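Have a look at model-v4.pdb below; it lists PDB, C-alpha atoms.
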```pdb
ATOM      1  CA  MET U 796     -29.449  15.576 -45.619
ATOM      2  CA  LYS U 797     -30.599  11.950 -45.727
ATOM      3  CA  SER U 798     -27.199  10.782 -47.091
ATOM      4  CA  LEU U 799     -25.406  12.587 -44.247
ATOM      5  CA  TRP U 800     -27.612  10.787 -41.727
ATOM      6  CA  ILE U 801     -26.903   7.405 -43.376
ATOM      7  CA  PHE U 802     -23.158   8.181 -43.404
ATOM      8  CA  GLY U 803     -23.240   8.998 -39.661
ATOM      9  CA  LEU U 804     -25.144   5.804 -38.924
ATOM     10  CA  GLY U 805     -22.559   3.784 -40.885
ATOM     11  CA  VAL U 806     -19.672   5.388 -38.983
ATOM     12  CA  CYS U 807     -21.347   4.585 -35.639
ATOM     13  CA  PHE U 808     -21.925   0.978 -36.751
ATOM     14  CA  LEU U 809     -18.274   0.513 -37.776
ATOM     15  CA  PHE U 810     -17.062   2.109 -34.523
ATOM     16  CA  GLY U 811     -19.265  -0.311 -32.573
ATOM     17  CA  LEU U 812     -17.844  -3.318 -34.440
ATOM     18  CA  VAL U 813     -14.253  -2.249 -33.808
ATOM     19  CA  THR U 814     -14.914  -1.559 -30.113
ATOM     20  CA  CYS U 815     -16.659  -4.902 -29.544
ATOM     21  CA  ARG U 816     -13.936  -6.827 -31.365
ATOM     22  CA  SER U 817     -11.104  -5.222 -29.370
ATOM     23  CA  SER U 818     -12.848  -5.891 -26.039
ATOM     24  CA  GLU U 819     -13.337  -9.563 -26.997
ATOM     25  CA  GLN U 820      -9.621  -9.920 -27.710
ATOM     26  CA  SER U 821      -8.458  -8.287 -24.485
ATOM     27  CA  SER U 822     -10.848 -10.222 -22.237
ATOM     28  CA  SER U 823      -9.631 -13.615 -23.494
ATOM     29  CA  GLU U 824      -5.996 -12.955 -22.515
ATOM     30  CA  GLU U 825      -4.858 -14.025 -19.036
ATOM     31  CA  PRO U 826      -3.567 -11.047 -17.028
ATOM     32  CA  ARG U 827       0.001 -11.569 -15.843
ATOM     33  CA  PRO U 828       0.656 -10.959 -12.157
ATOM     34  CA  SER U 829       2.257  -7.579 -11.592
ATOM     35  CA  MET U 830       2.102  -4.825  -9.039
ATOM     36  CA  ASP U 831      -0.047  -2.871 -11.493
ATOM     37  CA  ASN U 832      -2.942  -5.325 -11.368
ATOM     38  CA  LEU U 833      -3.159  -5.971  -7.622
ATOM     39  CA  PRO U 834      -6.582  -4.771  -6.532
ATOM     40  CA  ASN U 835      -6.720  -2.018  -3.909
ATOM     41  CA  LEU U 836      -2.934  -1.827  -3.536
ATOM     42  CA  VAL U 837      -1.884   0.581  -0.775
ATOM     43  CA  ASP U 838       1.426   1.756   0.579
ATOM     44  CA  ILE U 839       2.403   3.300   3.892
ATOM     45  CA  GLU U 840       1.035   6.826   4.055
ATOM     46  CA  ARG U 841       2.155   8.731   7.130
ATOM     47  CA  PRO U 842       0.007  11.664   8.307
ATOM     48  CA  ALA U 843       1.458  15.149   8.338
ATOM     49  CA  SER U 844       3.144  15.890  11.679
ATOM     50  CA  SER U 845       0.640  18.676  12.394
ATOM     51  CA  GLU U 846      -2.414  16.550  11.555
ATOM     52  CA  GLU U 847      -4.570  15.169  14.362
ATOM     53  CA  VAL U 848      -5.388  11.535  13.688
ATOM     54  CA  THR U 849      -7.305   8.630  15.153
ATOM     55  CA  GLU U 850      -5.676   5.189  15.108
ATOM     56  CA  GLN U 851      -7.811   2.512  13.453
ATOM     57  CA  ARG U 852      -7.741  -1.273  13.433
ATOM     58  CA  VAL U 853      -6.656  -3.195  10.329
ATOM     59  CA  TYR U 854      -8.538  -6.431   9.558
ATOM     60  CA  VAL U 855      -6.350  -9.028   7.805
ATOM     61  CA  GLU U 856      -8.025 -11.873   5.925
ATOM     62  CA  HIS U 857      -5.328 -13.406   3.753
ATOM     63  CA  VAL U 858      -1.528 -13.615   3.526
ATOM     64  CA  GLU U 859       0.438 -15.261   0.758
ATOM     65  CA  TRP U 860       4.064 -15.605  -0.257
ATOM     66  CA  GLU U 861       5.147 -13.624  -3.333
ATOM     67  CA  GLU U 862       8.451 -13.612  -5.155
ATOM     68  CA  ARG U 863       8.929 -10.893  -7.754
ATOM     69  CA  GLU U 864      12.193 -10.297  -9.561
ATOM     70  CA  LYS U 865      14.138 -12.311  -6.931
ATOM     71  CA  THR U 866      12.671 -10.239  -4.098
ATOM     72  CA  ARG U 867      10.490 -11.869  -1.437
ATOM     73  CA  TYR U 868       7.218 -10.297  -0.320
ATOM     74  CA  LEU U 869       4.205 -11.105   1.761
ATOM     75  CA  LEU U 870       0.988 -10.124   0.011
ATOM     76  CA  ILE U 871      -1.416  -9.079   2.741
ATOM     77  CA  ARG U 872      -5.114  -8.601   1.963
ATOM     78  CA  GLY U 873      -7.772  -7.334   4.281
ATOM     79  CA  ASN U 874     -10.045  -4.410   5.093
ATOM     80  CA  PHE U 875      -9.858  -1.009   6.657
ATOM     81  CA  PRO U 876     -12.894  -0.131   8.819
ATOM     82  CA  ASN U 877     -13.786   2.769   6.487
ATOM     83  CA  PRO U 878     -12.635   4.474   3.260
ATOM     84  CA  CYS U 879     -10.924   7.341   5.152
ATOM     85  CA  CYS U 880      -8.251   5.034   6.638
ATOM     86  CA  ARG U 881      -4.646   4.954   5.473
ATOM     87  CA  LEU U 882      -1.920   2.439   6.308
ATOM     88  CA  ASP U 883       0.285   4.063   8.932
ATOM     89  CA  LYS U 884       3.098   1.656   9.734
ATOM     90  CA  VAL U 885       4.196  -1.956   9.718
ATOM     91  CA  ILE U 886       6.333  -3.316  12.541
ATOM     92  CA  GLN U 887       8.143  -6.560  11.771
ATOM     93  CA  SER U 888      10.030  -9.153  13.798
ATOM     94  CA  ILE U 889      11.481 -12.382  12.404
ATOM     95  CA  SER U 890      12.662 -15.447  14.293
ATOM     96  CA  GLY U 891      13.457 -18.616  12.329
ATOM     97  CA  ASN U 892      10.325 -19.617  10.412
ATOM     98  CA  GLU U 893       8.102 -17.145  12.234
ATOM     99  CA  ILE U 894       7.324 -13.642  11.023
ATOM    100  CA  HIS U 895       5.318 -11.274  13.208
ATOM    101  CA  LEU U 896       3.804  -8.135  11.689
ATOM    102  CA  SER U 897       1.786  -5.394  13.288
ATOM    103  CA  LEU U 898      -0.169  -3.154  10.897
ATOM    104  CA  THR U 899      -1.791   0.070  12.060
ATOM    105  CA  ALA U 900      -3.986   2.528  10.199
ATOM    106  CA  TRP U 901      -5.070   6.111  10.770
ATOM    107  CA  GLN U 902      -7.714   8.550   9.683
ATOM    108  CA  PRO U 903      -8.041  12.295  10.216
ATOM    109  CA  ALA U 904      -9.489  12.993  13.679
ATOM    110  CA  GLY U 905     -13.140  13.985  13.624
ATOM    111  CA  SER U 906     -13.577  13.079   9.956
ATOM    112  CA  MET U 907     -17.013  12.027   8.770
ATOM    113  CA  CYS U 908     -16.674   8.822   6.792
ATOM    114  CA  SER U 909     -18.952   6.073   5.509
ATOM    115  CA  GLN U 910     -18.957   3.105   7.852
ATOM    116  CA  VAL U 911     -18.226   0.488   5.206
ATOM    117  CA  LEU U 912     -15.209  -1.774   4.949
ATOM    118  CA  LYS U 913     -12.563  -0.713   2.441
ATOM    119  CA  PRO U 914     -10.563  -3.612   0.967
ATOM    120  CA  PHE U 915      -6.804  -3.284   0.620
ATOM    121  CA  SER U 916      -3.768  -5.200  -0.601
ATOM    122  CA  TYR U 917      -0.280  -4.491   0.721
ATOM    123  CA  LEU U 918       3.037  -5.930  -0.467
ATOM    124  CA  HIS U 919       5.401  -6.211   2.483
ATOM    125  CA  ARG U 920       8.983  -6.632   1.351
ATOM    126  CA  LEU U 921      10.994  -9.092   3.399
ATOM    127  CA  PRO U 922      14.653  -8.321   4.119
ATOM    128  CA  ASP U 923      17.100  -9.592   1.490
ATOM    129  CA  SER U 924      18.905 -11.418   4.284
ATOM    130  CA  PHE U 925      15.770 -13.412   5.238
ATOM    131  CA  GLU U 926      16.319 -17.150   4.887
ATOM    132  CA  PRO U 927      13.770 -19.489   6.460
ATOM    133  CA  ALA U 928      15.299 -21.831   9.042
ATOM    134  CA  SER U 929      13.974 -24.914   7.237
ATOM    135  CA  SER U 930      11.936 -25.891   4.208
ATOM    136  CA  ASP U 931       8.824 -26.461   6.312
ATOM    137  CA  SER U 932       5.911 -24.099   6.413
ATOM    138  CA  LEU U 933       6.302 -20.510   7.425
ATOM    139  CA  THR U 934       4.177 -19.029  10.223
ATOM    140  CA  VAL U 935       3.131 -15.441   9.649
ATOM    141  CA  THR U 936       1.256 -13.640  12.410
ATOM    142  CA  VAL U 937      -0.372 -10.353  11.423
ATOM    143  CA  ASN U 938      -2.225  -8.388  14.112
ATOM    144  CA  ASN U 939      -2.498 -11.530  16.255
ATOM    145  CA  THR U 940      -3.970 -13.641  13.423
ATOM    146  CA  GLU U 941      -1.810 -16.612  12.434
ATOM    147  CA  PHE U 942      -1.352 -17.792   8.842
ATOM    148  CA  LYS U 943       0.556 -20.930   7.777
ATOM    149  CA  LEU U 944       2.303 -20.550   4.415
ATOM    150  CA  GLN U 945       4.109 -23.131   2.330
ATOM    151  CA  GLN U 946       7.432 -21.865   1.075
ATOM    152  CA  PRO U 947       7.792 -21.835  -2.699
TER     153      PRO U 947
END
```

As structure tokens, how would this structure be written, given the file I've shared?
Amino acid sequence: MKSLWIFGLGVCFLFGLVTCRSSEQSSSEEPRPSMDNLPNLVDIERPASSEEVTEQRVYVEHVEWEEREKTRYLLIRGNFPNPCCRLDKVIQSISGNEIHLSLTAWQPAGSMCSQVLKPFSYLHRLPDSFEPASSDSLTVTVNNTEFKLQQP
């Protein structure tokens, strides 16, 4: 019985060494940017046509230019007013070096939800035909908040 206990202890010790070693190796590597590792990534999620909803405000804190596989995006980061909110729609207008976006969110009507901010990231794909008018900065206005971006 004592030898079985010692064997089990040895197995646990070896498992612990292997686990610690593999976590050290993975934490030292730099993560490559990809859509898989964007925190709190959301997409447009329309409510069912029969569902009663309440429109909610979207708080935008940061916008940056992204180019992935020759496709241009705006990475928009901000907060929903609560964890029950979903991104409803994005309305876009472009004129020269100015891009205007309007983001709206929704939540089920009458839903009980924690009143804490829920962070989100959203990748907004720009039209393939979009070419900035000049090489100067780009002005992006999201929900009436203006962001100046340098073009890559």

Could you produce a table of the residues of range 868-944 of chain U lying within 6 Å of range 842-856 of chain U, with the nearest pair of atoms per residue and their separation in Å rounded to one decimal, using all atoms listed in the file, ordered by chain and increasing residue number, as a Markdown table?
```
| residue | atom | partner | partner_atom | distance |
| --- | --- | --- | --- | --- |
| U:Arg872 | CA | U:Glu856 | CA | 5.9 |
| U:Gly873 | CA | U:Val855 | CA | 4.2 |
| U:Asn874 | CA | U:Tyr854 | CA | 5.1 |
| U:Phe875 | CA | U:Val853 | CA | 5.3 |
| U:Ala900 | CA | U:Gln851 | CA | 5.0 |
| U:Trp901 | CA | U:Glu850 | CA | 4.5 |
| U:Gln902 | CA | U:Thr849 | CA | 5.5 |
| U:Pro903 | CA | U:Val848 | CA | 4.4 |
| U:Ala904 | CA | U:Val848 | CA | 4.4 |
```

Phe925 in chain U surroundings by all atoms listed in the file, 9 Å radius, close-in-sequence under 3 positions cut, as an NGL selection string: :U and (867 or 889 or 921-922)

Selection near Ile886 in chain U, 12 Å with all atoms listed in the file, sequence-local residues under 6 positions removed, as a PyMOL selection string: chain U and resi 839+894-899+919-921+936-938

Could you write out the selected residues, including C-alpha atoms, as an mmCIF file, in the coordinates of the input?
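Below is the file that was written, result_28.cif:
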```cif
data_model
loop_
_atom_site.group_PDB
_atom_site.id
_atom_site.type_symbol
_atom_site.label_atom_id
_atom_site.label_comp_id
_atom_site.auth_asym_id
_atom_site.auth_seq_id
_atom_site.Cartn_x
_atom_site.Cartn_y
_atom_site.Cartn_z
ATOM 1 C CA ILE U 839 2.403 3.300 3.892
ATOM 2 C CA ILE U 894 7.324 -13.642 11.023
ATOM 3 C CA HIS U 895 5.318 -11.274 13.208
ATOM 4 C CA LEU U 896 3.804 -8.135 11.689
ATOM 5 C CA SER U 897 1.786 -5.394 13.288
ATOM 6 C CA LEU U 898 -0.169 -3.154 10.897
ATOM 7 C CA THR U 899 -1.791 0.070 12.060
ATOM 8 C CA HIS U 919 5.401 -6.211 2.483
ATOM 9 C CA ARG U 920 8.983 -6.632 1.351
ATOM 10 C CA LEU U 921 10.994 -9.092 3.399
ATOM 11 C CA THR U 936 1.256 -13.640 12.410
ATOM 12 C CA VAL U 937 -0.372 -10.353 11.423
ATOM 13 C CA ASN U 938 -2.225 -8.388 14.112
#
```

Determine, counting all atoms listed in the file, every residue of protein, DNA or RNA that lies within 9 Å of (-17.7, 2.6, 9.3) in the file coordinates, then give the result as a JSON list (two decimals) with C-alpha atoms, in the frame of the given file.
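Below you can see point-v1.json, which holds the result:
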```
[["chain", "number", "residue", "atom", "x", "y", "z"],
["U", 876, "PRO", "CA", -12.89, -0.13, 8.82],
["U", 877, "ASN", "CA", -13.79, 2.77, 6.49],
["U", 878, "PRO", "CA", -12.64, 4.47, 3.26],
["U", 908, "CYS", "CA", -16.67, 8.82, 6.79],
["U", 909, "SER", "CA", -18.95, 6.07, 5.51],
["U", 910, "GLN", "CA", -18.96, 3.10, 7.85],
["U", 911, "VAL", "CA", -18.23, 0.49, 5.21],
["U", 912, "LEU", "CA", -15.21, -1.77, 4.95]]
```

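At a cut-off of 12 Å from (-4.1, -19.6, 9.2), the residue set is Val855, Glu856, His857, Val858, Glu859, Ser932, Leu933, Thr934, Val935, Thr936, Val937, Asn939, Thr940, Glu941, Phe942, Lys943, Leu944 and Gln945 of chain U (counting only C-alpha atoms).
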
Counting all atoms listed in the file, the residue of U:Glu861, U:Tyr868, U:Glu893, U:Cys880 that sits nearest Lys913 in chain U: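 Counting all atoms listed in the file, the residue closest to Lys913 in chain U is U:Cys880.
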
As a CSV table (one decimal) with C-alpha atoms, keeping the file's coordinate frame, please: the residues near Leu918 in chain U (cut-off 7 Å, all atoms listed in the file, same-chain neighbours under 5 positions excluded).
```csv
chain,number,residue,atom,x,y,z
U,868,TYR,CA,7.2,-10.3,-0.3
U,869,LEU,CA,4.2,-11.1,1.8
U,870,LEU,CA,1.0,-10.1,0.0
U,871,ILE,CA,-1.4,-9.1,2.7
```

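Between CA of Trp860 in chain U and CA of Asp931 in chain U there is a distance of 13.6 Å.
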
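With CA of Pro914 in chain U on one side and CA of Asn832 in chain U on the other, the separation reads 14.6 Å.
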
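Nearest residue to Ser906 in chain U among U:Gln946, U:Cys879, U:Glu840, U:Glu862 is U:Cys879, counting only C-alpha atoms.
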
CA of Met907 in chain U to CA of Asp883 in chain U, distance in Å rounded to a single decimal: 19.0 Å

Option closest in space to Ser916 in chain U, from U:Glu864, U:Leu882, U:Arg841, U:Ser890 [counting only C-alpha atoms]: U:Leu882

Selection result for the PyMOL selection byres ((chain U and resi 837) around 6) on this file, as a list in words: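 Taken over the shown coordinates, the PyMOL selection byres ((chain U and resi 837) around 6) returns Leu836, Asp838 and Tyr917 of chain U.
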
Taking all atoms of range 892-906 of chain U that appear in the file, build a box with edges along x, y and z, extend it by 5 Å on every side, and state its centre and edge lengths in Å to one decimal, as JSON.
```
{"center_x": -1.6, "center_y": -2.8, "center_z": 11.7, "size_x": 33.9, "size_y": 43.6, "size_z": 14.0}
```
